[in-house]
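With PDB, C-alpha atoms, pLDDT in the B column inside, this is run26.pdb:
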ATOM      1  CA  MET R   1     278.124 -27.394 164.014  1.00 91.00           C
ATOM      2  CA  ALA R   2     278.839 -27.323 160.288  1.00 93.00           C
ATOM      3  CA  GLU R   3     282.462 -28.266 160.910  1.00 95.00           C
ATOM      4  CA  LEU R   4     281.365 -31.034 163.289  1.00 90.00           C
ATOM      5  CA  ALA R   5     279.049 -32.429 160.596  1.00 91.00           C
ATOM      6  CA  VAL R   6     281.862 -32.510 158.037  1.00 95.00           C
ATOM      7  CA  VAL R   7     284.382 -34.047 160.445  1.00 94.00           C
ATOM      8  CA  ALA R   8     281.823 -36.637 161.592  1.00 91.00           C
ATOM      9  CA  ARG R   9     281.077 -37.663 157.999  1.00 92.00           C
ATOM     10  CA  ARG R  10     284.793 -38.002 157.250  1.00 96.00           C
ATOM     11  CA  TYR R  11     285.289 -39.981 160.471  1.00 92.00           C
ATOM     12  CA  MET R  12     282.490 -42.420 159.634  1.00 91.00           C
ATOM     13  CA  ALA R  13     283.723 -42.857 156.067  1.00 95.00           C
ATOM     14  CA  SER R  14     287.288 -43.360 157.274  1.00 94.00           C
ATOM     15  CA  TYR R  15     286.201 -46.013 159.764  1.00 91.00           C
ATOM     16  CA  ALA R  16     284.048 -47.810 157.174  1.00 94.00           C
ATOM     17  CA  LEU R  17     286.983 -47.880 154.751  1.00 95.00           C
ATOM     18  CA  PHE R  18     289.372 -49.052 157.478  1.00 92.00           C
ATOM     19  CA  ASN R  19     286.899 -51.805 158.426  1.00 93.00           C
ATOM     20  CA  GLN R  20     286.693 -52.846 154.751  1.00 95.00           C
ATOM     21  CA  ALA R  21     290.496 -52.983 154.453  1.00 93.00           C
ATOM     22  CA  LEU R  22     290.838 -54.994 157.663  1.00 92.00           C
ATOM     23  CA  ALA R  23     288.062 -57.363 156.591  1.00 94.00           C
ATOM     24  CA  ASP R  24     289.714 -57.776 153.178  1.00 94.00           C
ATOM     25  CA  ARG R  25     293.024 -58.592 154.882  1.00 91.00           C
ATOM     26  CA  LEU R  26     291.303 -61.287 156.954  1.00 91.00           C
ATOM     27  CA  GLY R  27     289.244 -62.629 154.041  1.00 92.00           C
ATOM     28  CA  LEU R  28     285.953 -61.589 155.647  1.00 94.00           C
ATOM     29  CA  HIS R  29     282.966 -59.461 154.707  1.00 94.00           C
ATOM     30  CA  PRO R  30     282.979 -56.188 156.709  1.00 95.00           C
ATOM     31  CA  THR R  31     279.685 -57.093 158.400  1.00 94.00           C
ATOM     32  CA  ASP R  32     281.098 -60.503 159.345  1.00 95.00           C
ATOM     33  CA  LEU R  33     284.152 -58.832 160.890  1.00 95.00           C
ATOM     34  CA  GLN R  34     281.975 -56.520 162.973  1.00 94.00           C
ATOM     35  CA  CYS R  35     279.746 -59.408 164.016  1.00 95.00           C
ATOM     36  CA  LEU R  36     282.845 -61.254 165.199  1.00 96.00           C
ATOM     37  CA  ASN R  37     283.874 -58.102 167.053  1.00 94.00           C
ATOM     38  CA  LEU R  38     280.460 -57.929 168.760  1.00 95.00           C
ATOM     39  CA  LEU R  39     280.588 -61.638 169.619  1.00 96.00           C
ATOM     40  CA  THR R  40     283.855 -61.124 171.482  1.00 95.00           C
ATOM     41  CA  LEU R  41     282.145 -58.443 173.594  1.00 95.00           C
ATOM     42  CA  GLU R  42     279.390 -60.838 174.706  1.00 97.00           C
ATOM     43  CA  PRO R  43     279.900 -62.698 178.009  1.00 96.00           C
ATOM     44  CA  GLY R  44     279.572 -66.106 176.342  1.00 95.00           C
ATOM     45  CA  PRO R  45     278.173 -67.987 173.349  1.00 96.00           C
ATOM     46  CA  VAL R  46     274.963 -66.560 171.884  1.00 96.00           C
ATOM     47  CA  THR R  47     272.081 -67.703 169.720  1.00 96.00           C
ATOM     48  CA  THR R  48     271.718 -66.662 166.111  1.00 96.00           C
ATOM     49  CA  GLY R  49     268.706 -64.652 167.287  1.00 95.00           C
ATOM     50  CA  ARG R  50     271.012 -62.656 169.548  1.00 96.00           C
ATOM     51  CA  ILE R  51     273.360 -62.102 166.609  1.00 96.00           C
ATOM     52  CA  ALA R  52     270.395 -60.746 164.663  1.00 95.00           C
ATOM     53  CA  GLU R  53     269.690 -58.350 167.553  1.00 93.00           C
ATOM     54  CA  LEU R  54     273.319 -57.239 167.782  1.00 93.00           C
ATOM     55  CA  THR R  55     273.658 -56.594 164.064  1.00 92.00           C
ATOM     56  CA  GLY R  56     270.157 -55.506 163.098  1.00 90.00           C
ATOM     57  CA  LEU R  57     270.007 -58.313 160.534  1.00 91.00           C
ATOM     58  CA  THR R  58     267.058 -60.587 159.998  1.00 92.00           C
ATOM     59  CA  THR R  59     267.426 -64.039 161.539  1.00 94.00           C
ATOM     60  CA  GLY R  60     267.866 -65.502 158.050  1.00 96.00           C
ATOM     61  CA  SER R  61     270.669 -63.066 157.236  1.00 95.00           C
ATOM     62  CA  ALA R  62     272.238 -63.688 160.644  1.00 96.00           C
ATOM     63  CA  THR R  63     272.172 -67.430 159.953  1.00 96.00           C
ATOM     64  CA  ARG R  64     273.964 -66.898 156.625  1.00 96.00           C
ATOM     65  CA  LEU R  65     276.498 -64.658 158.384  1.00 96.00           C
ATOM     66  CA  VAL R  66     277.160 -67.382 160.968  1.00 97.00           C
ATOM     67  CA  ASP R  67     277.479 -69.925 158.143  1.00 97.00           C
ATOM     68  CA  ARG R  68     280.204 -67.767 156.534  1.00 96.00           C
ATOM     69  CA  LEU R  69     282.049 -67.248 159.827  1.00 97.00           C
ATOM     70  CA  GLU R  70     281.833 -70.974 160.573  1.00 97.00           C
ATOM     71  CA  ARG R  71     283.174 -71.915 157.113  1.00 96.00           C
ATOM     72  CA  ALA R  72     286.045 -69.466 157.635  1.00 95.00           C
ATOM     73  CA  GLY R  73     286.796 -71.050 161.025  1.00 96.00           C
ATOM     74  CA  TYR R  74     286.014 -67.989 163.168  1.00 97.00           C
ATOM     75  CA  VAL R  75     283.020 -69.440 165.049  1.00 97.00           C
ATOM     76  CA  VAL R  76     281.603 -72.811 166.005  1.00 97.00           C
ATOM     77  CA  ARG R  77     278.060 -73.861 166.685  1.00 97.00           C
ATOM     78  CA  GLU R  78     277.499 -75.828 169.857  1.00 95.00           C
ATOM     79  CA  ARG R  79     274.496 -77.185 171.719  1.00 94.00           C
ATOM     80  CA  ASP R  80     273.477 -75.442 174.926  1.00 89.00           C
ATOM     81  CA  ALA R  81     274.318 -77.738 177.834  1.00 89.00           C
ATOM     82  CA  GLY R  82     271.121 -76.718 179.641  1.00 89.00           C
ATOM     83  CA  ASP R  83     268.780 -77.104 176.659  1.00 91.00           C
ATOM     84  CA  ARG R  84     270.093 -79.305 173.859  1.00 89.00           C
ATOM     85  CA  ARG R  85     267.498 -77.828 171.473  1.00 91.00           C
ATOM     86  CA  VAL R  86     269.283 -74.458 171.598  1.00 93.00           C
ATOM     87  CA  VAL R  87     272.249 -73.903 169.305  1.00 95.00           C
ATOM     88  CA  LEU R  88     274.817 -71.366 170.425  1.00 97.00           C
ATOM     89  CA  VAL R  89     277.488 -69.607 168.394  1.00 97.00           C
ATOM     90  CA  ALA R  90     280.907 -69.168 169.975  1.00 97.00           C
ATOM     91  CA  PRO R  91     284.017 -67.453 168.627  1.00 97.00           C
ATOM     92  CA  VAL R  92     287.042 -69.698 168.104  1.00 97.00           C
ATOM     93  CA  PRO R  93     289.665 -68.273 170.497  1.00 96.00           C
ATOM     94  CA  GLU R  94     292.656 -69.017 168.238  1.00 96.00           C
ATOM     95  CA  ARG R  95     291.044 -67.245 165.267  1.00 95.00           C
ATOM     96  CA  VAL R  96     289.989 -64.295 167.429  1.00 94.00           C
ATOM     97  CA  ALA R  97     293.604 -64.082 168.606  1.00 95.00           C
ATOM     98  CA  GLU R  98     294.697 -63.894 164.944  1.00 92.00           C
ATOM     99  CA  VAL R  99     292.328 -60.975 164.380  1.00 91.00           C
ATOM    100  CA  ALA R 100     293.647 -59.331 167.554  1.00 90.00           C
ATOM    101  CA  ARG R 101     297.233 -59.680 166.312  1.00 91.00           C
ATOM    102  CA  VAL R 102     296.374 -58.005 162.996  1.00 90.00           C
ATOM    103  CA  TRP R 103     294.486 -55.269 164.859  1.00 85.00           C
ATOM    104  CA  GLU R 104     297.462 -54.720 167.194  1.00 86.00           C
ATOM    105  CA  ARG R 105     299.768 -54.248 164.206  1.00 88.00           C
ATOM    106  CA  VAL R 106     297.533 -51.779 162.356  1.00 84.00           C
ATOM    107  CA  GLY R 107     295.627 -50.186 165.223  1.00 78.00           C
ATOM    108  CA  SER R 108     298.148 -49.953 168.035  1.00 78.00           C
ATOM    109  CA  GLY R 109     298.815 -46.304 167.266  1.00 85.00           C
ATOM    110  CA  TRP R 110     295.156 -45.519 167.956  1.00 85.00           C
ATOM    111  CA  PHE R 111     295.693 -45.431 171.721  1.00 84.00           C
ATOM    112  CA  ALA R 112     298.647 -43.077 171.303  1.00 87.00           C
ATOM    113  CA  LEU R 113     296.255 -40.530 169.787  1.00 89.00           C
ATOM    114  CA  PHE R 114     294.843 -40.034 173.296  1.00 89.00           C
ATOM    115  CA  ASP R 115     298.079 -39.997 175.322  1.00 91.00           C
ATOM    116  CA  ASP R 116     298.046 -36.222 175.776  1.00 94.00           C
ATOM    117  CA  LEU R 117     294.459 -36.080 177.078  1.00 95.00           C
ATOM    118  CA  ASP R 118     293.571 -35.820 180.743  1.00 96.00           C
ATOM    119  CA  ASP R 119     290.855 -37.886 182.439  1.00 96.00           C
ATOM    120  CA  ARG R 120     288.184 -35.222 181.837  1.00 97.00           C
ATOM    121  CA  GLU R 121     288.968 -35.071 178.124  1.00 96.00           C
ATOM    122  CA  LEU R 122     288.998 -38.880 177.871  1.00 95.00           C
ATOM    123  CA  ALA R 123     285.629 -39.003 179.648  1.00 96.00           C
ATOM    124  CA  LEU R 124     284.257 -36.611 177.011  1.00 95.00           C
ATOM    125  CA  PHE R 125     285.423 -38.939 174.208  1.00 90.00           C
ATOM    126  CA  ILE R 126     283.967 -41.966 175.967  1.00 95.00           C
ATOM    127  CA  GLU R 127     280.621 -40.225 176.435  1.00 97.00           C
ATOM    128  CA  HIS R 128     280.651 -39.107 172.791  1.00 93.00           C
ATOM    129  CA  MET R 129     281.284 -42.668 171.617  1.00 92.00           C
ATOM    130  CA  ARG R 130     278.513 -44.046 173.823  1.00 96.00           C
ATOM    131  CA  ARG R 131     276.018 -41.435 172.632  1.00 95.00           C
ATOM    132  CA  THR R 132     276.863 -41.816 168.955  1.00 91.00           C
ATOM    133  CA  THR R 133     276.766 -45.615 169.247  1.00 91.00           C
ATOM    134  CA  GLU R 134     273.255 -45.440 170.726  1.00 94.00           C
ATOM    135  CA  TYR R 135     272.115 -42.835 168.206  1.00 91.00           C
ATOM    136  CA  GLY R 136     273.542 -44.791 165.284  1.00 90.00           C
ATOM    137  CA  ALA R 137     271.816 -47.982 166.433  1.00 89.00           C
ATOM    138  CA  GLU R 138     268.496 -46.148 166.791  1.00 90.00           C
ATOM    139  CA  GLN R 139     268.801 -44.596 163.329  1.00 90.00           C
ATOM    140  CA  ALA R 140     269.829 -47.902 161.732  1.00 89.00           C
ATOM    141  CA  ALA R 141     266.755 -49.549 163.271  1.00 88.00           C
ATOM    142  CA  ARG R 142     264.535 -46.754 161.937  1.00 91.00           C
ATOM    143  CA  LEU R 143     266.000 -47.105 158.454  1.00 90.00           C
ATOM    144  CA  ARG R 144     265.597 -50.897 158.486  1.00 88.00           C
ATOM    145  CA  ALA R 145     261.993 -50.497 159.645  1.00 89.00           C
ATOM    146  CA  GLY R 146     261.285 -48.259 156.671  1.00 91.00           C
ATOM    147  CA  GLU R 147     260.476 -45.239 158.805  1.00 90.00           C
ATOM    148  CA  PRO R 148     260.721 -41.915 157.016  1.00 87.00           C
ATOM    149  CA  VAL R 149     264.012 -40.063 157.154  1.00 79.00           C
ATOM    150  CA  PRO R 150     263.581 -36.865 159.194  1.00 74.00           C
ATOM    151  CA  VAL R 151     263.426 -33.701 157.109  1.00 72.00           C
ATOM    152  CA  GLY R 152     265.539 -30.743 158.144  1.00 61.00           C
ATOM    153  CA  THR R 153     268.447 -28.886 156.636  1.00 46.00           C
ATOM    154  CA  GLY R 154     271.079 -30.821 158.605  1.00 52.00           C
ATOM    155  CA  ASP R 155     269.429 -34.182 157.969  1.00 48.00           C
ATOM    156  CA  ARG R 156     269.110 -33.578 154.209  1.00 44.00           C
ATOM    157  CA  GLU R 157     272.755 -32.558 154.025  1.00 47.00           C
ATOM    158  CA  ALA R 158     273.840 -35.659 155.907  1.00 48.00           C
ATOM    159  CA  VAL R 159     271.731 -37.974 153.755  1.00 48.00           C
ATOM    160  CA  SER R 160     272.256 -36.406 150.352  1.00 46.00           C
ATOM    161  CA  GLY R 161     275.663 -34.881 150.909  1.00 48.00           C
ATOM    162  CA  GLN R 162     274.520 -31.490 149.698  1.00 47.00           C
ATOM    163  CA  ALA R 163     272.740 -28.488 151.076  1.00 46.00           C
ATOM    164  CA  GLU R 164     269.315 -27.647 149.760  1.00 39.00           C
TER     165      GLU R 164
END

Could I get this file's structure written as structure tokens?
Amino acid sequence: MAELAVVARRYMASYALFNQALADRLGLHPTDLQCLNLLTLEPGPVTTGRIAELTGLTTGSATRLVDRLERAGYVVRERDAGDRRVVLVAPVPERVAEVARVWERVGSGWFALFDDLDDRELALFIEHMRRTTEYGAEQAARLRAGEPVPVGTGDREAVSGQAE
């Protein structure tokens, strides 16, 4: 478990730094890049309230995020055809395609990392990613809500970076 904790911390740091580098390359804030990523996973245009839910941001912060993405040309605001009072945010397909092209150049080797795994091993990775995604979202919500950080040797090490 100790080795898993170390590898997990390195993995998260590596991904955060990769996300920062990719965002820098695209001229975006890392949170804006991930919001755009989440928007492309939605079945259609969404409200700013939905963006707040997806990102854990306040509605005010989500609005400012959308403002930045709109200024950069990555999203557009449009009125809902069914209820003209509702404003929806939609990714701009051409700009999303640009992001995809950059990702393909820098991230295409990612899939090759799994070429030697069988279906059972791939299923284990998929389940791990689902579980850690859910856990991370729950913990982020707790932190944003100001709930106390759990106390325990493993938790203190993960938060402070040192054993007590």

Please produce, as a Markdown table, a per-residue contact table for stretch 21-89 of chain R versus stretch 100-109 of chain R (criterion: any atom at most 10 Å away, all atoms listed in the file considered), showing the nearest atom pair and its distance in Å to one decimal, sorted by chain then residue number.
| residue | atom | partner | partner_atom | distance |
| --- | --- | --- | --- | --- |
| R:Leu22 | CA | R:Trp103 | CA | 8.1 |
| R:Arg25 | CA | R:Val102 | CA | 8.8 |
| R:Leu26 | CA | R:Val102 | CA | 8.5 |
| R:Asn37 | CA | R:Ala100 | CA | 9.9 |

- So, counting all atoms listed in the file, which residue among R:Arg50, R:Ala62, R:Leu69, R:Trp110 is closest to R:Leu88?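 Checking each candidate against R:Leu88, we get R:Arg50 as the closest.
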
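Here atom CA of R:Pro30 stands at a distance of 23.7 Å from atom CA of R:Val6.
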
- Counting all atoms listed in the file, note down every residue that has an atom within 6 Å of the point (270.3, -53.3, 163.7) (file coordinates), as a ChimeraX atom specification. /R:55-57,140-141

Centre and edge lengths of an axis-aligned box around all listed atoms of stretch 14-32 of chain R, with 6 Å added on each side, are to be given in Å to one decimal, as JSON.
{"center_x": 286.4, "center_y": -53.0, "center_z": 156.5, "size_x": 25.3, "size_y": 31.3, "size_z": 18.6}

- Test item: residues at most 12 Å from R:Gly27, only C-alpha atoms, excluding those fewer than 3 positions along its chain, as a list in words: Asn19, Gln20, Ala21, Leu22, Ala23, Asp24, Pro30, Thr31, Asp32, Leu33, Arg68, Leu69, Arg71, Ala72, Gly73, Tyr74 and Val99 of chain R

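Distances here use all atoms listed in the file; by that measure, the residue among R:Glu3, R:Glu53, R:Gln34, R:Gly44 closest to R:Phe18 is R:Gln34.
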
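Between atom CA of R:Thr132 and atom CA of R:His29 the interatomic distance comes to 23.5 Å.
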
- For the atom pair atom CA of R:Thr48 and atom CA of R:Met12, what is the interatomic distance in Å to one decimal place? 27.3 Å

- Shortest contact to R:Val96, candidates R:Thr133, R:Thr40, R:Ser14, R:Thr59, atoms counted all atoms listed in the file, goes to R:Thr40

- Pick out the residues sitting within 8 Å of R:Val87, and hand them over as a PyMOL selection string; count all atoms listed in the file, and ignore anything fewer than 5 positions along from it in its own chain. chain R and resi 47-48+77-80

- Task: Find the residue from R:Gly136, R:Gly49, R:Val149, R:Asp115 that sits nearest to R:Val86; use all atoms listed in the file when measuring.
- Result: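 Checking each of R:Gly136, R:Gly49, R:Val149, R:Asp115 against R:Val86, counting all atoms listed in the file, the winner is R:Gly49.
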
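Each of R:Leu54, R:Pro45, R:Met129, R:Ser61 was compared to R:Ala81 using all atoms listed in the file, and R:Pro45 turns out to be the nearest.
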